[in-house]
Amino acid sequence: MAFSEHVAKRLPYPASVVPLTSDVLSRDVPPAAPEKRDFVLYGRMSPYKNVPVALAAWERHVRSGSYQGDRLLLLGDGPLDVDLPEQCEWRRERYTYARVLPLISHAKGSIVHYRHATQSGVQLLSMQLGVTPIVSDSGGLPEFQPVDEPAVGVDDVEGLAAAIGGLADPEVAWKRGAASRMHFEQVFSARESAEVLAGVL
């Protein structure tokens with residue numbers, strides 16, 4: 001069994017694909033945030049998270065005409081050693097879901113632009129919270145995206161900046177976030193994942 005076609009195709013034996021689901025229970029998901037602000041990059045700041053590219057894209061976005069006063073919030077601990085650009089804040093600590101879910105749910109977008117990823121719990125959590133994930137073309141990330149949310153090249157700073165700019169308008173961010181949440185419910189919810197798993201078994 002695998003959580004993505006990307007992994008299943010690379011195994012030396014046949015494997016069934018069962019959708020990965022979130023480890024946050026539906027009852028713990030906060031209501032959809034009516035006002036969108038800021039962008040988030042969540043999780044341990046490990047090298048595979050591709051943070052330098054994300055920061056370069058953010059710096060370009062801040063200097064662009066689409067910038068609307070948001071911050072980029074880095075949420076999580078890790079061995080990151082970079083100079084932060086303008087309007088970027090690193091909250092360097094370990095978080096509980098109770099503390100971080102409200103922050104993520106208000107975001108206009110979630111940057112999941114990783115160098116290597118067979119799948120991403122952050123990508124799923126973002127969609128579950130009604131936040132559009134911006135992903136790279138690495139591994140299984142594009143496979144998990146909503147239909148109208150394409151991946152960005154893993155080293156494409158300009159493309160990533162443009163993707164961030166496309167979510168700068170809060171109304172647009174809300175609408176696309178709502179579509180991402182619907183995609184999660186239809187494909188990756190616990191109920192959908194359990195039905196596929198039951199069929200495999």
# chains A, B, ... in the order shown; residues from 1 in each chain; ligands from 1
$ closest_atom_pairs --of "stretch 110-174 of chain A" --to "stretch 60-77 of chain A" --cutoff "7 Å" --atoms "only C-alpha atoms" --output "JSON lines"
{"residue": "A:Ala161", "atom": "CA", "partner": "A:His61", "partner_atom": "CA", "distance": 5.2}
{"residue": "A:Gly165", "atom": "CA", "partner": "A:Ser66", "partner_atom": "CA", "distance": 5.5}
{"residue": "A:Ala168", "atom": "CA", "partner": "A:Gln68", "partner_atom": "CA", "distance": 6.3}
$ closest_atom_pairs --of "stretch 42-151 of chain A" --to "stretch 178-185 of chain A" --cutoff "10 Å" --atoms "only C-alpha atoms" --output "CSV"
residue,atom,partner,partner_atom,distance
A:Gln123,CA,A:Phe184,CA,9.9
A:Leu124,CA,A:Phe184,CA,7.0
A:Leu125,CA,A:Phe184,CA,8.8
A:Ser126,CA,A:Arg181,CA,8.2
A:Met127,CA,A:Arg181,CA,4.8
A:Gln128,CA,A:Arg181,CA,5.1
A:Leu129,CA,A:Arg181,CA,6.5
A:Gly130,CA,A:Arg181,CA,4.6
A:Val131,CA,A:Ser180,CA,6.6
A:Thr132,CA,A:Ser180,CA,5.8
A:Pro133,CA,A:Ser180,CA,8.1
A:Phe144,CA,A:Phe184,CA,9.1
A:Gln145,CA,A:Ser180,CA,8.1
A:Pro146,CA,A:His183,CA,6.0
A:Val147,CA,A:His183,CA,8.7
A:Asp148,CA,A:Ala179,CA,9.3
A:Glu149,CA,A:Ser180,CA,8.8
$ residues_around --residues "A:Gly153" --least-positions-apart "6" --cutoff "8 Å" --atoms "only C-alpha atoms" --output "VMD selection string"
chain A and resid 136 to 138 159 to 160
$ select_by_dssp --residues "chain A" --states "alpha helix (DSSP H)" --output "compact mmCIF listing (two decimals) with N, CA, C and O atoms, in the first residue's frame"
# COMPACT_ATOMS: atom_id res chain seq x y z
N GLU A 5 0.54 7.78 -6.09
CA GLU A 5 0.94 7.09 -7.31
C GLU A 5 2.45 7.24 -7.51
O GLU A 5 3.10 6.33 -8.03
N HIS A 6 2.99 8.37 -7.11
CA HIS A 6 4.42 8.61 -7.24
C HIS A 6 5.23 7.51 -6.56
O HIS A 6 6.20 7.00 -7.12
N VAL A 7 4.82 7.14 -5.36
CA VAL A 7 5.51 6.08 -4.63
C VAL A 7 5.17 4.71 -5.22
O VAL A 7 6.06 3.88 -5.43
N ALA A 8 3.90 4.48 -5.51
CA ALA A 8 3.46 3.16 -6.00
C ALA A 8 4.20 2.76 -7.27
O ALA A 8 4.56 1.59 -7.44
N VAL A 51 13.62 26.26 1.90
CA VAL A 51 13.30 27.57 2.46
C VAL A 51 14.04 28.71 1.74
O VAL A 51 13.43 29.76 1.49
N PRO A 52 15.32 28.59 1.36
CA PRO A 52 15.97 29.71 0.67
C PRO A 52 15.25 30.14 -0.61
O PRO A 52 15.16 31.34 -0.89
N VAL A 53 14.74 29.19 -1.37
CA VAL A 53 14.00 29.53 -2.58
C VAL A 53 12.70 30.24 -2.21
O VAL A 53 12.31 31.23 -2.85
N ALA A 54 12.03 29.74 -1.17
CA ALA A 54 10.79 30.38 -0.71
C ALA A 54 11.04 31.82 -0.27
O ALA A 54 10.25 32.73 -0.58
N LEU A 55 12.15 32.05 0.44
CA LEU A 55 12.45 33.40 0.91
C LEU A 55 12.81 34.33 -0.24
O LEU A 55 12.44 35.51 -0.24
N ALA A 56 13.53 33.81 -1.23
CA ALA A 56 13.86 34.62 -2.40
C ALA A 56 12.59 35.01 -3.16
O ALA A 56 12.45 36.15 -3.62
N ALA A 57 11.65 34.07 -3.26
CA ALA A 57 10.38 34.36 -3.93
C ALA A 57 9.57 35.37 -3.13
O ALA A 57 8.93 36.27 -3.69
N TRP A 58 9.59 35.23 -1.80
CA TRP A 58 8.86 36.17 -0.96
C TRP A 58 9.42 37.58 -1.10
O TRP A 58 8.67 38.56 -1.20
N GLU A 59 10.74 37.70 -1.13
CA GLU A 59 11.37 39.01 -1.29
C GLU A 59 10.95 39.65 -2.61
O GLU A 59 10.66 40.85 -2.67
N ARG A 60 10.88 38.83 -3.66
CA ARG A 60 10.44 39.35 -4.95
C ARG A 60 8.98 39.78 -4.89
O ARG A 60 8.60 40.81 -5.47
N HIS A 61 8.17 38.99 -4.20
CA HIS A 61 6.75 39.34 -4.07
C HIS A 61 6.56 40.67 -3.34
O HIS A 61 5.75 41.51 -3.75
N VAL A 62 7.30 40.87 -2.24
CA VAL A 62 7.17 42.10 -1.45
C VAL A 62 7.49 43.33 -2.30
O VAL A 62 6.90 44.40 -2.10
N TYR A 97 -1.05 21.66 17.80
CA TYR A 97 -2.08 21.99 16.83
C TYR A 97 -3.02 23.08 17.35
O TYR A 97 -3.46 23.95 16.61
N ALA A 98 -3.34 23.03 18.65
CA ALA A 98 -4.26 24.01 19.22
C ALA A 98 -3.77 25.43 18.99
O ALA A 98 -4.57 26.35 18.78
N ARG A 99 -2.46 25.63 19.01
CA ARG A 99 -1.90 26.97 18.83
C ARG A 99 -1.73 27.35 17.37
O ARG A 99 -1.89 28.52 16.99
N VAL A 100 -1.40 26.38 16.53
CA VAL A 100 -1.03 26.72 15.17
C VAL A 100 -2.21 26.70 14.19
O VAL A 100 -2.18 27.39 13.17
N LEU A 101 -3.26 25.93 14.48
CA LEU A 101 -4.37 25.84 13.53
C LEU A 101 -5.03 27.19 13.25
O LEU A 101 -5.31 27.49 12.08
N PRO A 102 -5.28 28.03 14.26
CA PRO A 102 -5.86 29.34 13.95
C PRO A 102 -4.96 30.20 13.07
O PRO A 102 -5.46 30.93 12.20
N LEU A 103 -3.66 30.12 13.27
CA LEU A 103 -2.73 30.90 12.43
C LEU A 103 -2.79 30.45 10.98
O LEU A 103 -2.86 31.27 10.07
N ILE A 104 -2.76 29.16 10.77
CA ILE A 104 -2.77 28.64 9.40
C ILE A 104 -4.11 28.92 8.74
O ILE A 104 -4.17 29.29 7.56
N SER A 105 -5.21 28.76 9.47
CA SER A 105 -6.54 28.90 8.86
C SER A 105 -6.81 30.31 8.35
O SER A 105 -7.62 30.51 7.45
N GLY A 121 1.94 16.04 4.76
CA GLY A 121 0.87 16.28 5.72
C GLY A 121 0.53 17.76 5.82
O GLY A 121 -0.62 18.12 6.07
N VAL A 122 1.53 18.64 5.64
CA VAL A 122 1.28 20.08 5.68
C VAL A 122 0.38 20.49 4.53
O VAL A 122 -0.53 21.32 4.67
N GLN A 123 0.61 19.92 3.36
CA GLN A 123 -0.23 20.21 2.20
C GLN A 123 -1.69 19.84 2.49
O GLN A 123 -2.61 20.61 2.21
N LEU A 124 -1.89 18.65 3.07
CA LEU A 124 -3.25 18.21 3.39
C LEU A 124 -3.87 19.06 4.48
O LEU A 124 -5.05 19.43 4.40
N LEU A 125 -3.09 19.36 5.52
CA LEU A 125 -3.61 20.18 6.61
C LEU A 125 -4.04 21.55 6.10
O LEU A 125 -5.09 22.08 6.50
N SER A 126 -3.26 22.12 5.20
CA SER A 126 -3.61 23.43 4.64
C SER A 126 -4.96 23.36 3.95
O SER A 126 -5.84 24.21 4.18
N MET A 127 -5.15 22.37 3.09
CA MET A 127 -6.43 22.23 2.40
C MET A 127 -7.57 21.99 3.37
O MET A 127 -8.67 22.53 3.22
N GLN A 128 -7.32 21.16 4.37
CA GLN A 128 -8.34 20.88 5.38
C GLN A 128 -8.80 22.16 6.08
O GLN A 128 -9.98 22.29 6.44
N LEU A 141 3.73 15.76 -4.57
CA LEU A 141 3.02 16.99 -4.25
C LEU A 141 2.01 17.41 -5.32
O LEU A 141 0.87 17.73 -5.00
N PRO A 142 2.39 17.43 -6.61
CA PRO A 142 1.41 17.84 -7.63
C PRO A 142 0.19 16.93 -7.68
O PRO A 142 -0.92 17.38 -7.97
N GLU A 143 0.39 15.68 -7.38
CA GLU A 143 -0.68 14.68 -7.40
C GLU A 143 -1.78 15.00 -6.39
O GLU A 143 -2.95 14.68 -6.60
N PHE A 144 -1.42 15.64 -5.29
CA PHE A 144 -2.37 15.92 -4.22
C PHE A 144 -3.11 17.24 -4.43
O PHE A 144 -4.08 17.51 -3.73
N VAL A 157 12.11 30.62 -8.75
CA VAL A 157 11.84 31.72 -7.82
C VAL A 157 10.76 32.64 -8.39
O VAL A 157 9.82 33.04 -7.68
N GLU A 158 10.89 32.98 -9.65
CA GLU A 158 9.93 33.90 -10.26
C GLU A 158 8.52 33.29 -10.30
O GLU A 158 7.53 33.95 -10.00
N GLY A 159 8.45 32.00 -10.64
CA GLY A 159 7.16 31.32 -10.68
C GLY A 159 6.52 31.23 -9.31
O GLY A 159 5.30 31.38 -9.17
N LEU A 160 7.33 31.00 -8.28
CA LEU A 160 6.81 30.92 -6.92
C LEU A 160 6.32 32.30 -6.46
O LEU A 160 5.27 32.41 -5.82
N ALA A 161 7.07 33.34 -6.79
CA ALA A 161 6.64 34.70 -6.45
C ALA A 161 5.31 35.03 -7.12
O ALA A 161 4.42 35.64 -6.51
N ALA A 162 5.15 34.61 -8.37
CA ALA A 162 3.89 34.85 -9.08
C ALA A 162 2.74 34.08 -8.44
O ALA A 162 1.61 34.59 -8.35
N ALA A 163 3.02 32.85 -7.98
CA ALA A 163 1.98 32.05 -7.32
C ALA A 163 1.54 32.71 -6.01
O ALA A 163 0.35 32.72 -5.68
N ILE A 164 2.49 33.26 -5.28
CA ILE A 164 2.15 33.97 -4.05
C ILE A 164 1.33 35.22 -4.38
O ILE A 164 0.30 35.49 -3.75
N GLY A 165 1.75 35.94 -5.41
CA GLY A 165 1.03 37.13 -5.82
C GLY A 165 -0.40 36.84 -6.25
O GLY A 165 -1.30 37.65 -6.06
N PRO A 170 -7.35 39.10 -0.80
CA PRO A 170 -7.98 38.26 0.22
C PRO A 170 -9.24 37.55 -0.26
O PRO A 170 -9.52 36.43 0.16
N GLU A 171 -9.99 38.18 -1.15
CA GLU A 171 -11.21 37.54 -1.67
C GLU A 171 -10.86 36.35 -2.55
O GLU A 171 -11.47 35.29 -2.46
N VAL A 172 -9.84 36.53 -3.39
CA VAL A 172 -9.36 35.42 -4.23
C VAL A 172 -8.83 34.30 -3.35
O VAL A 172 -9.11 33.11 -3.58
N ALA A 173 -8.06 34.66 -2.33
CA ALA A 173 -7.50 33.66 -1.42
C ALA A 173 -8.60 32.87 -0.72
O ALA A 173 -8.49 31.65 -0.55
N TRP A 174 -9.67 33.55 -0.34
CA TRP A 174 -10.77 32.88 0.34
C TRP A 174 -11.47 31.89 -0.60
O TRP A 174 -11.75 30.75 -0.23
N LYS A 175 -11.74 32.32 -1.83
CA LYS A 175 -12.43 31.46 -2.79
C LYS A 175 -11.58 30.23 -3.14
O LYS A 175 -12.09 29.11 -3.18
N ARG A 176 -10.30 30.45 -3.38
CA ARG A 176 -9.44 29.31 -3.73
C ARG A 176 -9.21 28.42 -2.53
O ARG A 176 -9.10 27.19 -2.65
N GLY A 177 -9.16 29.02 -1.33
CA GLY A 177 -9.05 28.22 -0.12
C GLY A 177 -10.27 27.35 0.10
O GLY A 177 -10.16 26.19 0.51
N ALA A 178 -11.45 27.89 -0.18
CA ALA A 178 -12.69 27.12 -0.05
C ALA A 178 -12.70 25.94 -1.04
O ALA A 178 -13.14 24.84 -0.70
N ALA A 179 -12.20 26.18 -2.25
CA ALA A 179 -12.10 25.10 -3.23
C ALA A 179 -11.10 24.04 -2.78
O ALA A 179 -11.32 22.83 -2.97
N SER A 180 -10.02 24.47 -2.15
CA SER A 180 -9.04 23.51 -1.63
C SER A 180 -9.64 22.67 -0.51
O SER A 180 -9.40 21.46 -0.43
N ARG A 181 -10.43 23.30 0.32
CA ARG A 181 -11.08 22.56 1.41
C ARG A 181 -12.07 21.53 0.86
O ARG A 181 -12.15 20.40 1.35
N MET A 182 -12.81 21.90 -0.17
CA MET A 182 -13.74 20.97 -0.79
C MET A 182 -12.98 19.79 -1.40
O MET A 182 -13.42 18.63 -1.31
N HIS A 183 -11.84 20.08 -2.03
CA HIS A 183 -11.01 19.02 -2.61
C HIS A 183 -10.56 18.05 -1.53
O HIS A 183 -10.60 16.83 -1.72
N ALA A 190 -11.03 11.60 6.19
CA ALA A 190 -10.91 10.28 6.83
C ALA A 190 -11.93 9.31 6.26
O ALA A 190 -11.64 8.12 6.05
N ARG A 191 -13.13 9.80 6.00
CA ARG A 191 -14.18 8.94 5.45
C ARG A 191 -13.78 8.40 4.07
O ARG A 191 -13.91 7.20 3.80
N GLU A 192 -13.30 9.28 3.19
CA GLU A 192 -12.91 8.85 1.85
C GLU A 192 -11.74 7.90 1.90
O GLU A 192 -11.71 6.88 1.20
N SER A 193 -10.74 8.21 2.72
CA SER A 193 -9.58 7.35 2.85
C SER A 193 -9.97 5.97 3.37
O SER A 193 -9.49 4.94 2.88
N ALA A 194 -10.87 5.94 4.36
CA ALA A 194 -11.31 4.66 4.95
C ALA A 194 -12.07 3.82 3.93
O ALA A 194 -11.92 2.59 3.89
N GLU A 195 -12.86 4.46 3.08
CA GLU A 195 -13.62 3.71 2.07
C GLU A 195 -12.67 3.05 1.07
O GLU A 195 -12.87 1.90 0.67
N VAL A 196 -11.65 3.80 0.65
CA VAL A 196 -10.67 3.21 -0.29
C VAL A 196 -9.91 2.07 0.39
O VAL A 196 -9.71 1.00 -0.19
N LEU A 197 -9.49 2.29 1.63
CA LEU A 197 -8.77 1.25 2.37
C LEU A 197 -9.63 0.00 2.55
O LEU A 197 -9.15 -1.13 2.37
N ALA A 198 -10.90 0.18 2.87
CA ALA A 198 -11.81 -0.96 3.02
C ALA A 198 -11.92 -1.74 1.72
O ALA A 198 -11.95 -2.98 1.72
N GLY A 199 -11.95 -1.02 0.60
CA GLY A 199 -12.01 -1.69 -0.69
C GLY A 199 -10.76 -2.49 -0.99
O GLY A 199 -10.82 -3.59 -1.54
N VAL A 200 -9.62 -1.94 -0.62
CA VAL A 200 -8.35 -2.65 -0.82
C VAL A 200 -8.30 -3.91 0.03
O VAL A 200 -7.92 -5.00 -0.43
$ atom_distance --atom1 "atom CA of A:Ser16" --atom2 "atom CA of A:Ala117"
18.9 Å
$ atom_distance --atom1 "atom CA of A:Gly109" --atom2 "atom CA of A:Val152"
14.0 Å
$ residues_around --residues "A:Leu80" --least-positions-apart "3" --cutoff "8 Å" --atoms "only C-alpha atoms" --output "VMD selection string"
chain A and resid 45 to 47
$ atom_distance --atom1 "atom CA of A:Gly166" --atom2 "atom CA of A:Ser110"
12.5 Å
